[in-house]
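Containing mmCIF, C-alpha atoms and all ligand atoms: data_11.cif.
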data_run
#
loop_
_atom_site.label_atom_id
_atom_site.label_comp_id
_atom_site.auth_asym_id
_atom_site.auth_seq_id
_atom_site.Cartn_x
_atom_site.Cartn_y
_atom_site.Cartn_z
CA MET Z 1 -0.25 84.59 61.17
CA LYS Z 2 2.68 85.85 59.05
CA ILE Z 3 5.67 87.33 60.83
CA LEU Z 4 8.75 88.80 59.21
CA SER Z 5 12.07 88.22 60.96
CA VAL Z 6 14.67 90.84 60.09
CA ASN Z 7 18.39 91.27 60.65
CA ALA Z 8 19.67 94.60 59.31
CA GLY Z 9 23.43 95.15 59.08
CA SER Z 10 25.23 98.28 57.94
CA SER Z 11 25.06 97.23 54.28
CA SER Z 12 22.83 94.17 54.39
CA LEU Z 13 19.29 93.11 55.14
CA LYS Z 14 18.46 89.49 55.92
CA PHE Z 15 14.81 88.45 56.19
CA GLN Z 16 12.61 85.44 56.66
CA LEU Z 17 8.81 85.34 56.47
CA LEU Z 18 7.35 82.70 58.76
CA GLU Z 19 3.88 81.29 59.24
CA MET Z 20 3.38 81.31 62.99
CA PRO Z 21 2.87 79.56 65.31
CA GLN Z 22 3.61 76.65 62.93
CA GLU Z 23 7.13 78.08 62.41
CA GLU Z 24 7.02 77.30 58.68
CA VAL Z 25 9.40 79.35 56.54
CA ILE Z 26 7.37 80.83 53.65
CA THR Z 27 10.28 82.68 52.08
CA SER Z 28 13.71 83.96 53.01
CA GLY Z 29 16.25 86.23 51.43
CA LEU Z 30 19.05 88.69 51.65
CA ILE Z 31 20.06 92.05 50.25
CA GLU Z 32 23.81 92.62 50.26
CA ARG Z 33 25.93 95.64 49.36
CA ILE Z 34 23.23 98.22 50.11
CA GLY Z 35 24.54 101.63 49.01
CA PHE Z 36 26.57 100.19 46.12
CA ALA Z 37 25.84 100.17 42.39
CA ASP Z 38 25.86 96.37 42.37
CA SER Z 39 23.66 95.44 45.32
CA ILE Z 40 22.57 91.80 45.32
CA PHE Z 41 19.02 90.74 46.11
CA THR Z 42 18.42 87.04 46.69
CA ILE Z 43 15.06 85.52 47.54
CA LYS Z 44 14.17 81.86 48.03
CA VAL Z 45 10.64 80.58 47.48
CA ASN Z 46 9.72 76.85 47.48
CA GLY Z 47 13.40 75.95 47.22
CA ASP Z 48 13.96 78.14 44.11
CA LYS Z 49 16.47 80.96 44.48
CA THR Z 50 16.19 84.16 42.44
CA ARG Z 51 19.12 86.56 42.28
CA ASP Z 52 19.06 90.12 41.02
CA VAL Z 53 21.93 92.62 40.85
CA LYS Z 54 21.04 96.32 40.77
CA ALA Z 55 21.77 99.60 42.56
CA ILE Z 56 19.98 99.83 45.91
CA LYS Z 57 20.58 103.24 47.46
CA ASN Z 58 19.62 102.72 51.08
CA HIS Z 59 17.73 100.57 53.56
CA SER Z 60 14.35 102.21 52.74
CA GLN Z 61 14.73 101.17 49.13
CA ALA Z 62 15.89 97.71 50.21
CA VAL Z 63 12.76 97.29 52.35
CA SER Z 64 10.50 98.40 49.47
CA ILE Z 65 12.18 95.89 47.18
CA VAL Z 66 11.66 93.05 49.69
CA LEU Z 67 7.99 93.93 50.29
CA ASP Z 68 7.28 94.43 46.58
CA ALA Z 69 8.82 91.03 45.87
CA LEU Z 70 6.45 89.43 48.40
CA ILE Z 71 3.51 90.82 46.40
CA ASP Z 72 5.00 90.20 42.92
CA LEU Z 73 5.80 86.59 43.80
CA LYS Z 74 2.25 86.23 45.20
CA ILE Z 75 3.60 85.29 48.62
CA VAL Z 76 1.16 87.79 50.12
CA ASN Z 77 -1.76 89.61 48.47
CA SER Z 78 -1.29 92.76 50.52
CA TYR Z 79 0.95 94.09 53.28
CA ASP Z 80 -2.00 93.68 55.68
CA GLU Z 81 -1.24 89.97 55.78
CA ILE Z 82 2.00 90.69 57.68
CA SER Z 83 1.03 90.74 61.35
CA GLY Z 84 4.36 91.61 62.84
CA VAL Z 85 8.00 92.37 62.16
CA GLY Z 86 10.72 91.19 64.58
CA HIS Z 87 14.03 93.01 64.39
CA ARG Z 88 17.34 91.67 65.64
CA VAL Z 89 19.08 94.31 67.76
CA VAL Z 90 22.61 93.54 68.85
CA HIS Z 91 22.89 95.51 72.10
CA GLY Z 92 20.21 95.91 74.73
CA GLY Z 93 22.61 96.93 77.50
CA GLU Z 94 21.24 96.46 81.02
CA LYS Z 95 17.96 98.01 79.95
CA PHE Z 96 16.51 95.01 78.12
CA ASN Z 97 16.31 91.52 79.59
CA ASP Z 98 13.62 90.44 77.12
CA SER Z 99 12.30 91.36 73.68
CA VAL Z 100 9.95 94.37 73.51
CA LEU Z 101 7.40 95.91 71.18
CA ILE Z 102 8.94 99.03 69.67
CA ASN Z 103 7.60 102.51 70.32
CA LYS Z 104 9.22 105.92 70.26
CA GLN Z 105 10.69 105.55 73.74
CA ILE Z 106 12.20 102.13 72.91
CA LEU Z 107 13.72 103.59 69.74
CA ASN Z 108 15.35 106.31 71.84
CA GLU Z 109 16.75 103.71 74.25
CA ILE Z 110 18.26 101.69 71.40
CA GLU Z 111 19.69 104.91 69.99
CA ARG Z 112 21.24 105.69 73.39
CA LEU Z 113 22.82 102.22 73.50
CA LYS Z 114 24.80 102.86 70.32
CA ASP Z 115 27.61 104.01 72.56
CA LEU Z 116 28.06 100.32 73.51
CA ALA Z 117 27.63 98.95 69.96
CA PRO Z 118 28.65 101.73 67.58
CA LEU Z 119 28.76 99.49 64.51
CA HIS Z 120 25.68 97.36 65.09
CA ASN Z 121 22.89 99.28 66.83
CA PRO Z 122 22.77 102.16 64.30
CA ALA Z 123 22.44 99.60 61.47
CA ASN Z 124 19.69 97.76 63.35
CA LEU Z 125 17.90 101.08 63.92
CA THR Z 126 18.10 101.96 60.24
CA GLY Z 127 16.34 98.68 59.47
CA ILE Z 128 13.62 99.28 62.07
CA ARG Z 129 12.96 102.82 60.78
CA ALA Z 130 12.85 101.68 57.15
CA PHE Z 131 10.30 98.93 57.87
CA HIS Z 132 8.26 101.18 60.15
CA GLU Z 133 7.99 103.80 57.42
CA ILE Z 134 6.36 101.33 55.01
CA LEU Z 135 4.46 99.26 57.59
CA PRO Z 136 3.43 101.90 60.16
CA ASN Z 137 0.37 100.00 61.42
CA VAL Z 138 2.10 96.71 62.06
CA SER Z 139 3.61 95.66 65.44
CA HIS Z 140 7.39 95.82 65.43
CA ALA Z 141 9.45 94.01 68.06
CA ALA Z 142 13.10 94.33 69.04
CA VAL Z 143 14.89 91.09 69.94
CA PHE Z 144 18.22 91.69 71.63
CA ASP Z 145 21.36 89.54 71.31
CA THR Z 146 22.33 90.42 74.88
CA ALA Z 147 18.94 89.89 76.62
CA PHE Z 148 19.31 86.16 77.31
CA HIS Z 149 22.50 86.85 79.30
CA GLN Z 150 20.91 89.42 81.59
CA THR Z 151 20.35 86.62 84.14
CA MET Z 152 24.10 86.57 84.91
CA THR Z 153 24.96 87.68 88.42
CA LYS Z 154 27.49 90.40 89.27
CA GLU Z 155 30.04 87.67 89.99
CA ALA Z 156 29.81 86.58 86.36
CA TYR Z 157 29.50 89.95 84.67
CA LEU Z 158 31.83 92.27 86.59
CA TYR Z 159 35.43 92.72 85.51
CA PRO Z 160 38.00 93.10 88.30
CA VAL Z 161 38.74 96.71 87.30
CA PRO Z 162 37.87 99.94 89.16
CA TYR Z 163 34.17 99.65 90.03
CA THR Z 164 33.62 103.23 88.91
CA TRP Z 165 34.12 102.05 85.28
CA TYR Z 166 30.97 99.98 85.68
CA GLU Z 167 29.09 102.80 87.39
CA LYS Z 168 30.16 105.54 85.01
CA TYR Z 169 30.40 103.71 81.70
CA GLY Z 170 28.58 100.39 82.04
CA ILE Z 171 31.83 98.42 81.62
CA ARG Z 172 30.76 94.81 82.30
CA LYS Z 173 30.25 91.55 80.49
CA TYR Z 174 27.07 91.62 78.35
CA GLY Z 175 27.52 88.54 76.17
CA PHE Z 176 26.12 88.04 72.66
CA HIS Z 177 24.51 85.35 70.41
CA GLY Z 178 21.77 85.23 73.08
CA THR Z 179 18.98 84.19 70.68
CA SER Z 180 21.09 81.27 69.47
CA HIS Z 181 22.10 80.06 72.95
CA LYS Z 182 18.45 80.37 74.01
CA TYR Z 183 17.11 78.45 71.02
CA VAL Z 184 19.53 75.51 71.17
CA SER Z 185 19.39 75.22 74.98
CA GLU Z 186 15.57 75.14 74.92
CA ARG Z 187 15.71 72.39 72.32
CA ALA Z 188 18.31 70.46 74.36
CA ILE Z 189 16.06 70.72 77.43
CA GLU Z 190 13.22 69.24 75.35
CA LEU Z 191 15.50 66.42 74.19
CA LEU Z 192 16.71 65.67 77.72
CA GLY Z 193 13.05 65.36 78.66
CA LYS Z 194 13.30 65.93 82.41
CA GLY Z 195 11.92 69.47 82.61
CA VAL Z 196 13.88 72.68 82.86
CA LYS Z 197 14.52 72.64 86.61
CA GLY Z 198 17.92 71.27 87.51
CA THR Z 199 19.24 71.15 83.92
CA LYS Z 200 22.88 72.05 83.31
CA ILE Z 201 23.81 72.77 79.72
CA ILE Z 202 26.87 74.15 77.95
CA THR Z 203 26.10 75.62 74.52
CA VAL Z 204 28.99 75.96 72.07
CA HIS Z 205 28.08 78.42 69.30
CA ILE Z 206 31.03 78.31 66.89
CA GLY Z 207 30.65 80.06 63.56
CA ASN Z 208 32.76 82.87 62.23
CA GLY Z 209 32.13 84.51 65.59
CA GLY Z 210 31.89 82.18 68.55
CA SER Z 211 30.75 82.04 72.16
CA ILE Z 212 30.09 79.48 74.86
CA THR Z 213 27.38 79.74 77.50
CA ALA Z 214 26.71 78.01 80.83
CA ILE Z 215 22.95 77.52 81.24
CA LYS Z 216 21.38 76.42 84.53
CA ASP Z 217 17.62 75.85 84.87
CA GLY Z 218 17.27 77.32 81.37
CA LYS Z 219 19.02 80.58 82.33
CA SER Z 220 22.38 81.92 81.20
CA ILE Z 221 24.73 82.11 84.20
CA ASP Z 222 27.94 82.90 82.31
CA THR Z 223 29.11 83.38 78.73
CA SER Z 224 32.43 83.77 77.01
CA MET Z 225 31.93 86.99 75.05
CA GLY Z 226 32.23 90.14 77.12
CA PHE Z 227 31.81 93.87 76.93
CA THR Z 228 32.21 93.35 73.19
CA PRO Z 229 32.20 90.26 70.94
CA LEU Z 230 36.02 90.33 70.88
CA ALA Z 231 36.30 88.41 74.16
CA GLY Z 232 36.19 84.68 74.88
CA ILE Z 233 37.26 81.86 72.59
CA MET Z 234 39.43 82.08 69.48
CA MET Z 235 37.23 82.88 66.45
CA GLY Z 236 37.54 83.19 62.65
CA THR Z 237 39.41 86.48 62.73
CA ARG Z 238 39.05 87.57 66.39
CA SER Z 239 41.59 86.73 69.05
CA GLY Z 240 39.26 86.10 71.99
CA ASP Z 241 40.82 86.63 75.44
CA ILE Z 242 44.42 87.83 75.52
CA ASP Z 243 46.62 89.67 78.01
CA PRO Z 244 45.72 93.36 77.45
CA SER Z 245 49.36 94.41 78.00
CA ILE Z 246 50.17 92.88 74.62
CA LEU Z 247 48.47 95.91 73.02
CA PRO Z 248 50.78 98.75 74.15
CA PHE Z 249 53.79 96.48 73.57
CA VAL Z 250 52.93 95.74 69.93
CA MET Z 251 51.70 99.29 69.32
CA GLU Z 252 55.08 100.65 70.27
CA LYS Z 253 57.00 98.10 68.18
CA GLU Z 254 54.79 98.62 65.10
CA ASN Z 255 54.18 102.33 65.63
CA TRP Z 256 50.43 101.65 65.64
CA THR Z 257 47.45 103.63 66.89
CA ILE Z 258 44.94 101.95 69.21
CA ASN Z 259 42.62 101.55 66.21
CA ASP Z 260 45.34 99.65 64.31
CA ALA Z 261 45.81 97.34 67.26
CA ILE Z 262 42.09 96.67 67.80
CA LYS Z 263 41.68 96.06 64.09
CA ALA Z 264 44.46 93.45 64.25
CA LEU Z 265 42.65 91.68 67.10
CA ASN Z 266 39.28 91.81 65.32
CA LYS Z 267 40.26 91.16 61.72
CA ASP Z 268 43.68 89.49 61.57
CA SER Z 269 43.73 87.16 64.55
CA GLY Z 270 41.96 83.91 65.44
CA LEU Z 271 42.06 81.10 62.85
CA LYS Z 272 43.35 83.57 60.27
CA GLY Z 273 46.16 84.92 62.45
CA ILE Z 274 47.43 81.55 63.67
CA SER Z 275 47.12 79.66 60.36
CA GLN Z 276 48.39 82.59 58.24
CA LYS Z 277 46.07 81.05 55.63
CA SER Z 278 42.36 81.41 56.23
CA SER Z 279 39.66 82.40 58.70
CA ASP Z 280 37.43 79.60 57.43
CA MET Z 281 37.45 76.29 59.31
CA ARG Z 282 36.88 74.41 56.04
CA ASP Z 283 40.30 75.57 54.79
CA ILE Z 284 41.94 74.73 58.12
CA VAL Z 285 40.47 71.22 58.03
CA LYS Z 286 41.66 70.74 54.44
CA GLY Z 287 45.17 71.74 55.57
CA VAL Z 288 45.00 69.35 58.52
CA GLU Z 289 44.16 66.48 56.13
CA GLN Z 290 47.36 67.35 54.24
CA LYS Z 291 49.27 67.43 57.57
CA ASP Z 292 49.99 71.14 57.17
CA GLU Z 293 51.73 72.26 60.39
CA LYS Z 294 50.10 75.71 60.43
CA CYS Z 295 46.61 74.25 60.10
CA LEU Z 296 47.31 71.56 62.72
CA ARG Z 297 48.43 74.14 65.28
CA THR Z 298 45.36 76.26 64.45
CA LEU Z 299 42.83 73.45 64.94
CA HIS Z 300 44.43 72.36 68.21
CA LEU Z 301 44.70 75.87 69.62
CA PHE Z 302 41.04 76.45 68.69
CA ALA Z 303 39.99 73.20 70.41
CA LYS Z 304 42.00 74.06 73.52
CA LYS Z 305 40.42 77.51 73.83
CA VAL Z 306 36.92 76.01 73.54
CA CYS Z 307 37.74 73.33 76.13
CA ASP Z 308 39.14 75.89 78.59
CA TYR Z 309 35.63 77.36 78.74
CA ILE Z 310 33.83 74.02 78.77
CA GLY Z 311 35.97 72.90 81.73
CA SER Z 312 35.41 76.11 83.62
CA TYR Z 313 31.63 76.04 82.98
CA TYR Z 314 31.44 72.39 84.06
CA ILE Z 315 32.79 73.49 87.44
CA LEU Z 316 30.53 76.56 87.54
CA LEU Z 317 27.41 74.50 86.77
CA GLY Z 318 28.45 71.76 89.19
CA GLY Z 319 28.22 69.15 86.43
CA CYS Z 320 26.67 69.02 83.00
CA ASP Z 321 23.78 67.15 81.35
CA ALA Z 322 24.51 68.15 77.78
CA ILE Z 323 26.99 69.98 75.58
CA VAL Z 324 25.41 71.44 72.43
CA PHE Z 325 27.32 72.30 69.25
CA THR Z 326 25.79 74.87 66.92
CA ALA Z 327 26.49 77.49 64.16
CA GLY Z 328 28.68 77.04 61.03
CA ILE Z 329 31.53 75.05 62.59
CA GLY Z 330 29.48 73.41 65.35
CA GLU Z 331 26.82 72.16 62.95
CA ASN Z 332 29.07 71.10 60.08
CA SER Z 333 32.63 70.33 61.06
CA GLU Z 334 33.22 66.72 62.11
CA PRO Z 335 37.00 67.26 62.65
CA ALA Z 336 36.53 70.44 64.74
CA ARG Z 337 33.95 68.73 67.00
CA LYS Z 338 36.22 65.69 67.33
CA ALA Z 339 39.26 67.83 68.20
CA ILE Z 340 37.19 69.44 70.98
CA VAL Z 341 35.47 66.33 72.37
CA ASP Z 342 38.74 64.32 72.31
CA ARG Z 343 40.04 66.69 74.98
CA LEU Z 344 37.06 66.10 77.26
CA GLY Z 345 37.72 62.44 78.12
CA SER Z 346 38.27 63.27 81.80
CA LEU Z 347 34.61 64.34 82.01
CA GLY Z 348 33.57 60.85 80.91
CA ILE Z 349 32.44 62.02 77.48
CA ILE Z 350 32.59 59.44 74.69
CA LEU Z 351 32.09 60.55 71.09
CA ASP Z 352 30.08 58.37 68.71
CA GLU Z 353 32.38 58.72 65.70
CA GLU Z 354 29.74 57.55 63.22
CA ALA Z 355 27.08 59.94 64.54
CA ASN Z 356 29.64 62.76 64.54
CA LYS Z 357 29.69 62.67 60.72
CA VAL Z 358 26.40 64.61 60.78
CA MET Z 359 26.19 67.97 58.95
CA GLY Z 360 23.52 70.58 59.60
CA GLU Z 361 21.08 68.24 61.32
CA GLU Z 362 20.00 67.64 64.87
CA LYS Z 363 21.77 64.59 66.29
CA LEU Z 364 23.07 63.02 69.49
CA ILE Z 365 26.79 62.49 68.83
CA SER Z 366 27.83 60.89 72.12
CA THR Z 367 27.55 57.15 72.87
CA LYS Z 368 25.09 55.56 75.30
CA ASP Z 369 27.89 55.19 77.87
CA SER Z 370 28.95 58.83 77.69
CA LYS Z 371 28.49 60.60 81.07
CA ILE Z 372 27.44 63.80 79.29
CA LYS Z 373 25.21 63.90 76.23
CA VAL Z 374 26.68 65.78 73.27
CA TYR Z 375 24.27 67.13 70.66
CA VAL Z 376 24.48 68.92 67.35
CA ILE Z 377 21.49 71.28 67.19
CA PRO Z 378 21.22 73.67 64.22
CA THR Z 379 20.53 77.17 65.48
CA ASN Z 380 17.57 79.21 64.28
CA GLU Z 381 17.75 82.83 65.35
CA GLU Z 382 14.96 83.80 62.94
CA VAL Z 383 12.51 81.50 64.71
CA VAL Z 384 13.38 82.99 68.11
CA ILE Z 385 12.72 86.46 66.68
CA ALA Z 386 9.37 85.35 65.20
CA ARG Z 387 8.36 83.50 68.42
CA ASP Z 388 9.10 86.53 70.57
CA THR Z 389 7.27 88.86 68.19
CA LEU Z 390 4.21 86.59 68.24
CA ARG Z 391 4.31 86.32 72.05
CA LEU Z 392 4.46 90.12 72.42
CA ILE Z 393 1.62 90.66 69.94
CA ASN Z 394 -0.52 88.10 71.78
CA GLN Z 395 0.27 89.68 75.17
CA CYS Z 396 -0.72 93.05 73.77
CA THR Z 397 -4.09 91.85 72.49
CA GLU Z 398 -4.95 89.73 75.56
P1 LIG F 1 28.54 83.82 61.40
O1 LIG F 1 29.22 83.87 62.73
O2 LIG F 1 29.11 84.76 60.40
O3 LIG F 1 27.03 83.79 61.48
P2 LIG F 1 28.28 81.04 60.59
O4 LIG F 1 27.62 80.49 61.82
O5 LIG F 1 27.53 81.05 59.33
O6 LIG F 1 28.98 82.41 60.84
O7 LIG F 1 29.61 80.15 60.39
C1 LIG F 1 30.47 80.41 59.32
C2 LIG F 1 31.71 79.57 59.50
O8 LIG F 1 31.35 78.20 59.66
C3 LIG F 1 32.63 79.59 58.29
O9 LIG F 1 33.52 80.64 58.35
C4 LIG F 1 33.35 78.27 58.42
O10 LIG F 1 34.51 78.45 59.19
C5 LIG F 1 32.41 77.40 59.19
N1 LIG F 1 31.86 76.29 58.38
C6 LIG F 1 30.75 76.27 57.63
N2 LIG F 1 30.60 75.06 57.02
C7 LIG F 1 31.64 74.30 57.43
C8 LIG F 1 32.09 72.96 57.18
N3 LIG F 1 31.41 72.14 56.38
N4 LIG F 1 33.22 72.55 57.78
C9 LIG F 1 33.91 73.38 58.58
N5 LIG F 1 33.56 74.62 58.86
C10 LIG F 1 32.44 75.08 58.30
#

Starting from the file, lay out its structure as structure tokens.
Amino acid sequence: MKILSVNAGSSSLKFQLLEMPQEEVITSGLIERIGFADSIFTIKVNGDKTRDVKAIKNHSQAVSIVLDALIDLKIVNSYDEISGVGHRVVHGGEKFNDSVLINKQILNEIERLKDLAPLHNPANLTGIRAFHEILPNVSHAAVFDTAFHQTMTKEAYLYPVPYTWYEKYGIRKYGFHGTSHKYVSERAIELLGKGVKGTKIITVHIGNGGSITAIKDGKSIDTSMGFTPLAGIMMGTRSGDIDPSILPFVMEKENWTINDAIKALNKDSGLKGISQKSSDMRDIVKGVEQKDEKCLRTLHLFAKKVCDYIGSYYILLGGCDAIVFTAGIGENSEPARKAIVDRLGSLGIILDEEANKVMGEEKLISTKDSKIKVYVIPTNEEVVIARDTLRLINQCTE
């Protein structure tokens, strides 16, 4: 059964066609710069990448181009071969604790939730509508980034602010990257091989954005991102947690509006802000190799912020069976992982320096004597989307 996994951004459309339940990737691709004269369409089939630059007006046209390419490249003979389309949706609020098949009512709910994710949900909706227009008879599923974290209790998700903010406006921690934390924790539970009950896992998703999750018995019990993805650890360009009183102070000094200040925290902080060089960990690591002071302070601040959460989640979980590194930095950066794990000696963790050289592959990177297992597990959000879509289609036809 062929399932299309889709992630629509405001000017981009990422897709992967998978043969399910085998989870084989048949083709994958990306359209960037939708709405520009020089949109870029990339598609990968059997390891060969084709790239085309042309004007793509809107998401509907982008979807037509993707589906036409599937026919032209003889990946499918007709659209009927596509059994389902799974759409990534960033915010599911408190309404969605699992993926759902999309109907009119679900579309309205996602629309309503745009208040909580004004940049992301409207873009996700545009993608859903564009695919639905061309594939009206196919099952479409929405897979929410927040759903996995809906198992958090009030103790984990409430902020100590007036309770009426929660009641009136839904101000609480939602958490993000849920599909990734779910995927890598499920895989870690398989690798630990003692069943899901009683497992205590800390997943460290560190890419350009980053979040850490405490997972007990396979369920998220706390996570570092919050009401928005700005909270938690230090990221590529985002600050993570800071004292909110810094905002009015700097706004007054710089004569800034609140939008200027939030932009500075989202776009000019994190690795970029501290290094004054780059938001990309590869550049920071290069600087560290040359003993550049700015890059050294950036790597160590980053590692400290990650460890603050790991330590706190170790206490929350009452121990830990495994720490899992994933996403761009977690999967690929030997020095970043080392800087983090070197701070965790008091938990009895011992890094296997040779194994830690791994890039983009699943691997145990702690030694046999380490009290906690440390894994690198490449994330695969597309597979989670396809799995959930298949499960919902099967439930529907049962
Ligand atoms: P996003 O959050 O945008 O999905 P990714 O998970 O793709 O991001 O991670 C992108 C980031 O991963 C890059 O900005 C870079 O900092 C980091 N990264 C990727 N490859 C490496 C590498 N080999 N060494 C260090 N960092 C890397």

Could you jot down the atom CA of Pro378 of chain Z to atom CA of Val184 of chain Z separation for me, Å, one decimal place?
-> 7.4 Å

May I have the residues at most 9 Å from (31.2, 61.3, 79.6) in the file's coordinates, counting only C-alpha atoms, as a list in words?
->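 Collected hits near the coordinates: Leu344, Gly345, Ser346, Leu347, Gly348, Ile349, Ile350, Leu351, Ser366, Thr367, Asp369, Ser370, Lys371, Ile372, Lys373 and Val374 of chain Z.
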
Of the candidates Z:Thr326, Z:Ser269, Z:Ser78, Z:Asn97, which one gets nearest to ligand LIG 1 (chain F) if we count all atoms listed in the file?
-> Z:Thr326

May I have a table of the residues of segment 313-387 of chain Z lying at most 12 Å from segment 196-217 of chain Z, giving each one's closest pair of atoms and their distance in Å to one decimal, counting all atoms listed in the file, ordered by chain and ascending residue number, as CSV?
residue,atom,partner,partner_atom,distance
Z:Tyr313,CA,Z:Ala214,CA,5.7
Z:Tyr314,CA,Z:Ile202,CA,7.8
Z:Ile315,CA,Z:Ala214,CA,10.1
Z:Leu316,CA,Z:Ala214,CA,7.9
Z:Leu317,CA,Z:Lys200,CA,6.2
Z:Gly318,CA,Z:Lys200,CA,8.1
Z:Gly319,CA,Z:Lys200,CA,6.8
Z:Cys320,CA,Z:Lys200,CA,4.9
Z:Asp321,CA,Z:Lys200,CA,5.4
Z:Ala322,CA,Z:Ile201,CA,5.1
Z:Ile323,CA,Z:Ile202,CA,4.8
Z:Val324,CA,Z:Thr203,CA,4.7
Z:Phe325,CA,Z:Val204,CA,4.9
Z:Thr326,CA,Z:His205,CA,4.8
Z:Ala327,CA,Z:Gly207,CA,4.9
Z:Gly328,CA,Z:Gly207,CA,4.4
Z:Ile329,CA,Z:Gly207,CA,5.2
Z:Gly330,CA,Z:Ile206,CA,5.4
Z:Glu331,CA,Z:Ile206,CA,8.4
Z:Asn332,CA,Z:Gly207,CA,9.7
Z:Ser333,CA,Z:Ile206,CA,10.0
Z:Ala336,CA,Z:Ile206,CA,9.8
Z:Arg337,CA,Z:Ile206,CA,10.0
Z:Ile340,CA,Z:Val204,CA,10.5
Z:Val341,CA,Z:Val204,CA,11.6
Z:Ile372,CA,Z:Ile201,CA,9.7
Z:Lys373,CA,Z:Ile201,CA,9.6
Z:Val374,CA,Z:Ile202,CA,9.6
Z:Tyr375,CA,Z:Thr203,CA,9.5
Z:Val376,CA,Z:Val204,CA,9.6
Z:Ile377,CA,Z:Thr203,CA,9.7
Z:Pro378,CA,Z:His205,CA,9.8
Z:Thr379,CA,Z:His205,CA,8.6
Z:Asn380,CA,Z:His205,CA,11.7
Z:Glu381,CA,Z:His205,CA,11.9

Output, as AutoDock Vina command-line options, the centre and edge lengths in Å (one decimal) of the axis-aligned box that contains all listed atoms of segment 289-300 of chain Z with 3 Å of margin on each side.
--center_x 47.3 --center_y 71.4 --center_z 61.2 --size_x 14.9 --size_y 15.8 --size_z 20.0

Record the distance separating atom CA of Thr42 of chain Z and atom CA of Val66 of chain Z, expressed in Å with one decimal.
->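 Value for the atom CA of Thr42 of chain Z-atom CA of Val66 of chain Z distance: 9.5 Å.
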
Please, which residues are within 9 Å of (13.1, 98.0, 52.9) by the file's coordinates, counting only C-alpha atoms, and could they come as a list in words?
->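 Residues with an atom close enough to that point: Leu13, Asn58, His59, Ser60, Gln61, Ala62, Val63, Ser64, Ile65, Val66, Leu67, Gly127, Ala130, Phe131, Glu133 and Ile134 of chain Z.
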
Fewer than 4 positions away in the same chain doesn't count, so skip those; otherwise give me all residues within 7 Å of segment 119-121 of chain Z, counting only C-alpha atoms, as a ChimeraX atom specification.
-> /Z:9,89-91,110,114,125

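You will find atom CA of Ile3 of chain Z at 9.4 Å from atom CA of Pro21 of chain Z.
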
Do a neighbour search on Ala261 of chain Z at 8 Å with all atoms listed in the file, toss out local chain neighbours closer than 5 positions, and write the hits as number ranges by chain.
-> Z: 247, 250-251, 256

Long-range neighbours of Glu32 of chain Z as a ChimeraX atom specification, 10 Å cut-off, only C-alpha atoms, 2 positions minimum in chain = /Z:9-14,29-30,34-36,38-42,53,56,62

Go ahead and write the selection's residues with C-alpha atoms as a PDB file, in the frame of the given file.
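Wrote out.pdb, looks like this:
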ATOM      1  CA  GLY Z   9      23.430  95.150  59.080  1.00  0.00           C
ATOM      2  CA  SER Z  10      25.230  98.280  57.940  1.00  0.00           C
ATOM      3  CA  SER Z  11      25.060  97.230  54.280  1.00  0.00           C
ATOM      4  CA  SER Z  12      22.830  94.170  54.390  1.00  0.00           C
ATOM      5  CA  LEU Z  13      19.290  93.110  55.140  1.00  0.00           C
ATOM      6  CA  LYS Z  14      18.460  89.490  55.920  1.00  0.00           C
ATOM      7  CA  GLY Z  29      16.250  86.230  51.430  1.00  0.00           C
ATOM      8  CA  LEU Z  30      19.050  88.690  51.650  1.00  0.00           C
ATOM      9  CA  ILE Z  34      23.230  98.220  50.110  1.00  0.00           C
ATOM     10  CA  GLY Z  35      24.540 101.630  49.010  1.00  0.00           C
ATOM     11  CA  PHE Z  36      26.570 100.190  46.120  1.00  0.00           C
ATOM     12  CA  ASP Z  38      25.860  96.370  42.370  1.00  0.00           C
ATOM     13  CA  SER Z  39      23.660  95.440  45.320  1.00  0.00           C
ATOM     14  CA  ILE Z  40      22.570  91.800  45.320  1.00  0.00           C
ATOM     15  CA  PHE Z  41      19.020  90.740  46.110  1.00  0.00           C
ATOM     16  CA  THR Z  42      18.420  87.040  46.690  1.00  0.00           C
ATOM     17  CA  VAL Z  53      21.930  92.620  40.850  1.00  0.00           C
ATOM     18  CA  ILE Z  56      19.980  99.830  45.910  1.00  0.00           C
ATOM     19  CA  ALA Z  62      15.890  97.710  50.210  1.00  0.00           C
TER      20      ALA Z  62
END

Residue with smallest distance to Ala147 of chain Z - pool Z:Asp222, Z:Asp115, Z:Asp98, Z:Glu361, counting only C-alpha atoms =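 Ranked by minimum distance to Ala147 of chain Z, first place goes to Z:Asp98.
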
Tell me, as a list in words, which residues lie within 9 Å of Met225 of chain Z, counting all atoms listed in the file; anything in the same chain fewer than 3 positions away does not count.
-> Lys173, Tyr174, Gly175, Phe176, His177, Gly210, Ser211, Ile212, Thr213, Thr228, Pro229, Leu230, Ala231, Gly232, Ile233, Gly240 and Asp241 of chain Z

Skip Val288 of chain Z itself and residues of its chain fewer than 2 positions away, then list as JSON, numbers by chain all residues within 12 Å of it, counting all atoms listed in the file.
-> {"Z": [275, 281, 282, 283, 284, 285, 286, 290, 291, 292, 293, 294, 295, 296, 297, 298, 299, 300, 335, 336, 339]}
